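Engineer: I'd like to ask some things about the structure below.
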Amino acid sequence: MLLLAAAFLVAFVLLLYMVSPLISPKPLALPGAHVVVTGGSSGIGKCIAIECYKQGAFITLVARNEDKLLQAKKEIEKHSINDKQVVLCISVDVSQDYSQVENVIKQAQEKLGPVDMLVNCAGMSLAGKFEDLEVSTFERLMSVNYLGSVYPSRAVITTMKERRVGRIVFVSSQAGQLGLFGFTAYSSSKFAIRGLAEALQMEVKPYNVYVTVAYPPDTDTPGFAEENKTKPLETRLISETTSVCKPEQVAKQIVKDAIEIWGQLEREASGGWALAWKERPCRCMFRLNRAEYRKHRRLLKYLQTWGELCPDCVQRHRKRAPADWADFVFPAYLKSKQTHSMFLMIRSSSSYFGRTRLI
Ligand SMILES: NC(=O)c1ccc[n+]([C@@H]2O[C@H](COP(=O)([O-])OP(=O)(O)OC[C@H]3O[C@@H](n4cnc5c(N)ncnc54)[C@H](OP(=O)(O)O)[C@@H]3O)[C@@H](O)[C@H]2O)c1
């Protein structure tokens with residue numbers, strides 16, 4: 001009987017092993033792969049390029065400023081693991097003219113072969129109260145952050161589908177999950193990316209092309225320094241309740257997620273405190289222990305003033321939570337979605353940024 005049970009178990013494990021490739025895609029092999037990184041001359045994009053290069057990829061960097069591109073190229077080349085690797089630089093504005101973007105992708109493919117992974121990281125942020133922002137700011141952010149992701153993706157997708165290989169990474173933001181004071185223009189441009197990514201993933205999954213969206217928190221980059229100059233006091237207060245991540249950390253996680261594509265699993269990073277989607281129907285919450293609550297009550301007061309904290313949910317969650325934890329729940333700004341596994345981090349000591357896993 002015992003033998004039969006053991007045989008059954010072995011057969012079951014074997015069956016699982018055999019069907020697993022049908023369930024989850026194989027990780028993308030970066031050695032020799034062609035990775036295009038828009039916004040690859042600075043900040044998170046440059047670190048993503050370095051991370052991929054360290055793993056043996058060929059890189060195309062896309063940005064506007066040629067000097068910055070050449071400087072980044074030199075920096076990336078220091079991390080080569082073999083003498084065949086190439087870093088190609090192409091200067092173009094990804095947000096202006098689709099045919100220009102299409103041309104540079106063609107150029108890159110002629111030189112380094114078809115694109116295996118596209119990372120849409122070119123982007124910018126400007127903060128300000130809604131009525132203080134110029135209307136042109138809304139247009140500009142939508143054009144750089146949203147269309148600047150649509151154009152390169154549109155230019156690579158046909159070849160990816162034909163080859164049945166590909167990864168497309170979108171870099172949104174925590175402000176792409178949660179509308180925050182001062183980010184009316186930025187948040188909406190980053191929310192748009194999520195809609196684009198979800199719809200696109202449904203179309204391309206049958207072709208073995210996978211889409212991921214990263215939601216980085218505040219990250220120490222030249223772009224972040226620029227954004228800080230425009231933040232109103234309220235936005236700064238919210239921002240200051242979290243620590244600032246290192247771009248290398250964020251880049252490492254983005255690359256890992258893109259190449260591995262884990263199924264519907266939610267993965268929680270340890271430590272820190274999270275602004276996280278926990279259950280369905282989902283709600284977002286701050287989970288703070290008492291000490292953290294005391295430290296950040298100023299922020300919580302702000303949010304309460306705006307009616308963002310839902311007292312009922314706080315009560316409900318408090319009953320379930322261990323005695324020394326308080327959960328603060330934000331009502332209904334995130335839609336529950338079976339296909340999402342999202343984890344949005346606002347502060348921690350290791351890899352902290354949220355992402356959506358789209359399958
Ligand atoms: N840093 C953060 O705290 C943070 C948090 C969440 C999300 N993000 C997102 O992460 C991405 C990278 O941010 P970052 O902080 O690393 O910014 P960054 O240091 O300012 O780098 C931005 C990159 O994008 C390029 N770029 C900007 N506009 C472009 C355009 N129209 N066409 C082509 N290239 C363009 C820039 O080069 P050129 O100027 O030479 O074109 C540069 O290479 C952005 O999408 C940002 O919204 C950042």
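Chain lettering (A, B, ...) mirrors the order of the structure tokens, residue numbering begins at 1 for each chain separately, and ligand numbering begins at 1 in order of display.
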Excluding same-chain residues fewer than 4 positions from Ala199 (chain A), what lies within 10 Å of it counting only C-alpha atoms, as a PDB file with N, CA, C and O atoms, in the first residue's frame?
Structural biologist:
ATOM      1  N   ARG A 194      -0.706  51.286 -17.214  1.00  0.00           N
ATOM      2  CA  ARG A 194      -1.263  50.017 -16.714  1.00  0.00           C
ATOM      3  C   ARG A 194      -2.353  49.485 -17.649  1.00  0.00           C
ATOM      4  O   ARG A 194      -2.395  48.294 -17.960  1.00  0.00           O
ATOM      5  N   GLY A 195      -3.214  50.373 -18.094  1.00  0.00           N
ATOM      6  CA  GLY A 195      -4.276  49.955 -19.015  1.00  0.00           C
ATOM      7  C   GLY A 195      -3.690  49.414 -20.304  1.00  0.00           C
ATOM      8  O   GLY A 195      -4.117  48.364 -20.817  1.00  0.00           O
ATOM      9  N   GLU A 203      -3.423  40.347 -25.600  1.00  0.00           N
ATOM     10  CA  GLU A 203      -3.251  40.112 -27.034  1.00  0.00           C
ATOM     11  C   GLU A 203      -2.017  39.265 -27.350  1.00  0.00           C
ATOM     12  O   GLU A 203      -2.033  38.475 -28.272  1.00  0.00           O
ATOM     13  N   VAL A 204      -0.952  39.475 -26.598  1.00  0.00           N
ATOM     14  CA  VAL A 204       0.321  38.861 -27.022  1.00  0.00           C
ATOM     15  C   VAL A 204       0.711  37.594 -26.267  1.00  0.00           C
ATOM     16  O   VAL A 204       1.628  36.898 -26.673  1.00  0.00           O
ATOM     17  N   VAL A 211       4.462  40.722 -20.743  1.00  0.00           N
ATOM     18  CA  VAL A 211       4.494  42.147 -20.395  1.00  0.00           C
ATOM     19  C   VAL A 211       4.581  42.282 -18.876  1.00  0.00           C
ATOM     20  O   VAL A 211       3.858  41.592 -18.162  1.00  0.00           O
ATOM     21  N   LEU A 358       1.539  40.429 -14.806  1.00  0.00           N
ATOM     22  CA  LEU A 358       0.454  40.194 -15.755  1.00  0.00           C
ATOM     23  C   LEU A 358       0.676  38.845 -16.403  1.00  0.00           C
ATOM     24  O   LEU A 358       1.760  38.546 -16.855  1.00  0.00           O
TER      25      LEU A 358
END
Engineer: Do a neighbour search on Gln85 (chain A) at 8 Å with only C-alpha atoms, toss out local chain neighbours closer than 4 positions, and write the hits as a ChimeraX atom specification.
Structural biologist: /A:32,53,56-58,80-81
Engineer: With N, CA, C and O atoms kept, could you save the residues just selected as an mmCIF file, in the first residue's frame?
Structural biologist:
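As written to disk, result.cif reads:
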data_model
loop_
_atom_site.group_PDB
_atom_site.id
_atom_site.type_symbol
_atom_site.label_atom_id
_atom_site.label_comp_id
_atom_site.auth_asym_id
_atom_site.auth_seq_id
_atom_site.Cartn_x
_atom_site.Cartn_y
_atom_site.Cartn_z
ATOM 1 N N GLY A 32 23.548 37.072 -24.822
ATOM 2 C CA GLY A 32 23.357 37.171 -26.270
ATOM 3 C C GLY A 32 22.050 37.828 -26.681
ATOM 4 O O GLY A 32 21.833 38.104 -27.863
ATOM 5 N N TYR A 53 23.474 44.020 -19.135
ATOM 6 C CA TYR A 53 24.822 43.862 -19.729
ATOM 7 C C TYR A 53 25.662 42.903 -18.885
ATOM 8 O O TYR A 53 26.366 42.049 -19.414
ATOM 9 N N GLY A 56 25.179 39.493 -19.811
ATOM 10 C CA GLY A 56 25.583 39.045 -21.152
ATOM 11 C C GLY A 56 24.737 39.560 -22.305
ATOM 12 O O GLY A 56 24.894 39.104 -23.442
ATOM 13 N N ALA A 57 23.846 40.531 -22.042
ATOM 14 C CA ALA A 57 22.985 41.021 -23.135
ATOM 15 C C ALA A 57 23.720 42.049 -23.997
ATOM 16 O O ALA A 57 24.720 42.636 -23.584
ATOM 17 N N PHE A 58 23.209 42.243 -25.222
ATOM 18 C CA PHE A 58 23.619 43.338 -26.096
ATOM 19 C C PHE A 58 22.601 44.449 -25.867
ATOM 20 O O PHE A 58 21.403 44.172 -25.784
ATOM 21 N N SER A 80 31.284 44.584 -18.898
ATOM 22 C CA SER A 80 31.146 43.505 -19.903
ATOM 23 C C SER A 80 31.628 42.171 -19.341
ATOM 24 O O SER A 80 32.540 42.120 -18.510
ATOM 25 N N ILE A 81 30.992 41.106 -19.805
ATOM 26 C CA ILE A 81 31.460 39.789 -19.364
ATOM 27 C C ILE A 81 32.107 39.029 -20.521
ATOM 28 O O ILE A 81 32.659 37.956 -20.334
#
Engineer: Could the residues that lie within 7 Å of ligand 1, counting only C-alpha atoms and all ligand atoms, be listed as a ChimeraX atom specification?
Structural biologist: /A:38-45,62-66,68,92-95,121-125,144-145,148,171-174,215-224
Engineer: Could you find all residues in region 172-244 of chain A that DSSP calls strand (DSSP E) from the backbone, and write them as a list in words?
Structural biologist: Val209, Tyr210, Val211, Thr212, Val213, Ala214 and Tyr215 of chain A
Engineer: Between CA of Leu233 (chain A) and CA of Ile193 (chain A), what is the distance, to one decimal in Å?
Structural biologist: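 CA of Ile193 (chain A) lies 27.0 Å from CA of Leu233 (chain A).
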Engineer: Please report the interatomic distance between CA of Val37 (chain A) and CA of Asp83 (chain A) in Å with one decimal.
Structural biologist: 20.7 Å
Engineer: Kindly indicate which residue among A:Met1, A:Met142, A:Met202, A:Ala72 lies nearest to Val87 (chain A), using only C-alpha atoms for the distances.
Structural biologist: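 Checking each candidate against Val87 (chain A), we get A:Ala72 as the closest.
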Engineer: Could you work out how far CA of Thr60 (chain A) lies from CA of Lys78 (chain A), giving the answer in Å with one decimal?
Structural biologist: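 One can read the CA of Lys78 (chain A) to CA of Thr60 (chain A) distance as 15.6 Å.
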Engineer: Find the residues near Ile50 (chain A): any atom within 9 Å, counting only C-alpha atoms, skip ones fewer than 2 places away on the same chain, and give them as a PyMOL selection string.
Structural biologist: chain A and resi 45-48+52-55+59+75-77+79-80+248+251
Engineer: So which one's closest to Gln249 (chain A), A:Leu69, A:Leu4, A:Ala197, A:Glu51? Using only C-alpha atoms, please.
Structural biologist: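 For Gln249 (chain A), the nearest of the candidates is A:Glu51.
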Engineer: Among region 12-103 of chain A, which ones does DSSP assign to alpha helix (DSSP H) (computed from the backbone)? Answer as a tab-separated table (two decimals) with N, CA, C and O atoms, in the first residue's frame.
Structural biologist:
chain	number	residue	atom	x	y	z
A	12	PHE	N	2.72	11.70	-9.89
A	12	PHE	CA	2.09	13.01	-9.83
A	12	PHE	C	3.13	14.12	-10.00
A	12	PHE	O	2.95	15.08	-10.76
A	13	VAL	N	4.27	13.95	-9.30
A	13	VAL	CA	5.34	14.96	-9.40
A	13	VAL	C	5.87	15.02	-10.83
A	13	VAL	O	6.10	16.09	-11.40
A	14	LEU	N	6.02	13.84	-11.44
A	14	LEU	CA	6.51	13.78	-12.83
A	14	LEU	C	5.55	14.51	-13.77
A	14	LEU	O	5.96	15.28	-14.65
A	15	LEU	N	4.27	14.27	-13.54
A	15	LEU	CA	3.24	14.91	-14.38
A	15	LEU	C	3.31	16.43	-14.24
A	15	LEU	O	3.30	17.16	-15.23
A	16	LEU	N	3.45	16.87	-12.97
A	16	LEU	CA	3.56	18.31	-12.72
A	16	LEU	C	4.77	18.89	-13.45
A	16	LEU	O	4.72	19.95	-14.07
A	17	TYR	N	5.86	18.15	-13.38
A	17	TYR	CA	7.10	18.59	-14.02
A	17	TYR	C	6.91	18.71	-15.53
A	17	TYR	O	7.35	19.67	-16.17
A	18	MET	N	6.17	17.74	-16.09
A	18	MET	CA	5.98	17.75	-17.54
A	18	MET	C	5.06	18.88	-18.01
A	18	MET	O	5.27	19.47	-19.05
A	19	VAL	N	4.04	19.16	-17.20
A	19	VAL	CA	3.12	20.21	-17.66
A	19	VAL	C	3.56	21.61	-17.26
A	19	VAL	O	3.04	22.59	-17.78
A	20	SER	N	4.56	21.72	-16.36
A	20	SER	CA	4.94	23.05	-15.87
A	20	SER	C	5.36	24.03	-16.99
A	20	SER	O	5.00	25.20	-16.93
A	21	PRO	N	6.07	23.57	-18.05
A	21	PRO	CA	6.40	24.53	-19.11
A	21	PRO	C	5.17	25.08	-19.80
A	21	PRO	O	5.18	26.16	-20.37
A	22	LEU	N	4.08	24.30	-19.77
A	22	LEU	CA	2.85	24.79	-20.42
A	22	LEU	C	2.19	25.86	-19.57
A	22	LEU	O	1.47	26.71	-20.04
A	23	ILE	N	2.45	25.77	-18.25
A	23	ILE	CA	1.81	26.72	-17.34
A	23	ILE	C	2.59	28.03	-17.26
A	23	ILE	O	2.06	29.11	-17.37
A	43	GLY	N	19.71	57.34	-14.58
A	43	GLY	CA	18.86	56.81	-13.52
A	43	GLY	C	18.53	55.33	-13.61
A	43	GLY	O	19.40	54.48	-13.82
A	44	ILE	N	17.25	55.02	-13.46
A	44	ILE	CA	16.80	53.62	-13.41
A	44	ILE	C	17.11	52.92	-14.73
A	44	ILE	O	17.58	51.77	-14.75
A	45	GLY	N	16.88	53.60	-15.85
A	45	GLY	CA	17.11	52.99	-17.17
A	45	GLY	C	18.57	52.59	-17.35
A	45	GLY	O	18.87	51.49	-17.84
A	46	LYS	N	19.48	53.46	-16.93
A	46	LYS	CA	20.91	53.14	-17.06
A	46	LYS	C	21.25	51.91	-16.20
A	46	LYS	O	21.98	51.02	-16.63
A	47	CYS	N	20.69	51.88	-14.99
A	47	CYS	CA	20.97	50.72	-14.12
A	47	CYS	C	20.37	49.44	-14.70
A	47	CYS	O	20.95	48.35	-14.54
A	48	ILE	N	19.23	49.55	-15.36
A	48	ILE	CA	18.64	48.36	-16.01
A	48	ILE	C	19.58	47.87	-17.11
A	48	ILE	O	19.86	46.67	-17.25
A	49	ALA	N	20.11	48.83	-17.88
A	49	ALA	CA	21.03	48.46	-18.96
A	49	ALA	C	22.27	47.77	-18.38
A	49	ALA	O	22.73	46.75	-18.91
A	50	ILE	N	22.79	48.31	-17.30
A	50	ILE	CA	23.98	47.71	-16.67
A	50	ILE	C	23.66	46.29	-16.20
A	50	ILE	O	24.42	45.35	-16.42
A	51	GLU	N	22.50	46.14	-15.57
A	51	GLU	CA	22.10	44.83	-15.05
A	51	GLU	C	22.02	43.80	-16.19
A	51	GLU	O	22.48	42.67	-16.06
A	52	CYS	N	21.43	44.20	-17.29
A	52	CYS	CA	21.29	43.27	-18.43
A	52	CYS	C	22.66	42.99	-19.05
A	52	CYS	O	22.96	41.86	-19.46
A	53	TYR	N	23.47	44.02	-19.14
A	53	TYR	CA	24.82	43.86	-19.73
A	53	TYR	C	25.66	42.90	-18.88
A	53	TYR	O	26.37	42.05	-19.41
A	54	LYS	N	25.54	43.05	-17.58
A	54	LYS	CA	26.28	42.16	-16.66
A	54	LYS	C	25.89	40.71	-16.88
A	54	LYS	O	26.63	39.79	-16.56
A	66	GLU	N	22.88	63.26	-26.67
A	66	GLU	CA	23.94	62.36	-27.15
A	66	GLU	C	25.09	62.25	-26.17
A	66	GLU	O	25.69	61.18	-26.02
A	67	ASP	N	25.45	63.35	-25.53
A	67	ASP	CA	26.57	63.30	-24.58
A	67	ASP	C	26.27	62.34	-23.43
A	67	ASP	O	27.10	61.53	-23.03
A	68	LYS	N	25.03	62.47	-22.93
A	68	LYS	CA	24.65	61.59	-21.81
A	68	LYS	C	24.64	60.13	-22.26
A	68	LYS	O	25.04	59.22	-21.52
A	69	LEU	N	24.23	59.92	-23.51
A	69	LEU	CA	24.20	58.54	-24.03
A	69	LEU	C	25.62	57.97	-24.08
A	69	LEU	O	25.86	56.83	-23.65
A	70	LEU	N	26.56	58.78	-24.59
A	70	LEU	CA	27.94	58.28	-24.71
A	70	LEU	C	28.57	58.03	-23.35
A	70	LEU	O	29.29	57.05	-23.15
A	71	GLN	N	28.25	58.90	-22.42
A	71	GLN	CA	28.77	58.73	-21.06
A	71	GLN	C	28.22	57.43	-20.45
A	71	GLN	O	28.95	56.65	-19.83
A	72	ALA	N	26.93	57.21	-20.64
A	72	ALA	CA	26.31	55.99	-20.10
A	72	ALA	C	26.91	54.75	-20.76
A	72	ALA	O	27.19	53.75	-20.11
A	73	LYS	N	27.14	54.85	-22.07
A	73	LYS	CA	27.73	53.71	-22.81
A	73	LYS	C	29.06	53.31	-22.17
A	73	LYS	O	29.30	52.13	-21.90
A	74	LYS	N	29.90	54.34	-21.91
A	74	LYS	CA	31.22	54.05	-21.31
A	74	LYS	C	31.06	53.35	-19.97
A	74	LYS	O	31.77	52.40	-19.65
A	75	GLU	N	30.11	53.87	-19.19
A	75	GLU	CA	29.89	53.30	-17.86
A	75	GLU	C	29.41	51.84	-17.95
A	75	GLU	O	29.89	50.97	-17.22
A	76	ILE	N	28.51	51.60	-18.88
A	76	ILE	CA	27.96	50.25	-19.02
A	76	ILE	C	29.04	49.27	-19.49
A	76	ILE	O	29.14	48.14	-19.01
A	77	GLU	N	29.88	49.75	-20.41
A	77	GLU	CA	30.90	48.86	-21.00
A	77	GLU	C	31.90	48.34	-19.97
A	77	GLU	O	32.53	47.31	-20.18
A	98	TYR	N	6.04	58.76	-34.36
A	98	TYR	CA	6.13	57.30	-34.38
A	98	TYR	C	7.11	56.80	-35.45
A	98	TYR	O	7.90	55.88	-35.20
A	99	SER	N	7.11	57.44	-36.63
A	99	SER	CA	7.96	56.91	-37.71
A	99	SER	C	9.45	57.01	-37.34
A	99	SER	O	10.25	56.15	-37.70
A	100	GLN	N	9.80	58.07	-36.60
A	100	GLN	CA	11.21	58.20	-36.15
A	100	GLN	C	11.57	57.06	-35.20
A	100	GLN	O	12.62	56.45	-35.30
A	101	VAL	N	10.65	56.78	-34.29
A	101	VAL	CA	10.92	55.71	-33.31
A	101	VAL	C	11.01	54.37	-34.04
A	101	VAL	O	11.90	53.55	-33.77
A	102	GLU	N	10.12	54.17	-34.98
A	102	GLU	CA	10.13	52.92	-35.76
A	102	GLU	C	11.46	52.76	-36.49
A	102	GLU	O	12.05	51.68	-36.52
A	103	ASN	N	11.94	53.88	-37.04
A	103	ASN	CA	13.22	53.84	-37.76
A	103	ASN	C	14.39	53.47	-36.86
A	103	ASN	O	15.24	52.66	-37.25
Engineer: Taking only C-alpha atoms into account, name the residue in A:Asp132, A:Glu198, A:Glu226, A:Glu162 that is nearest to Thr184 (chain A).
Structural biologist: A:Asp132
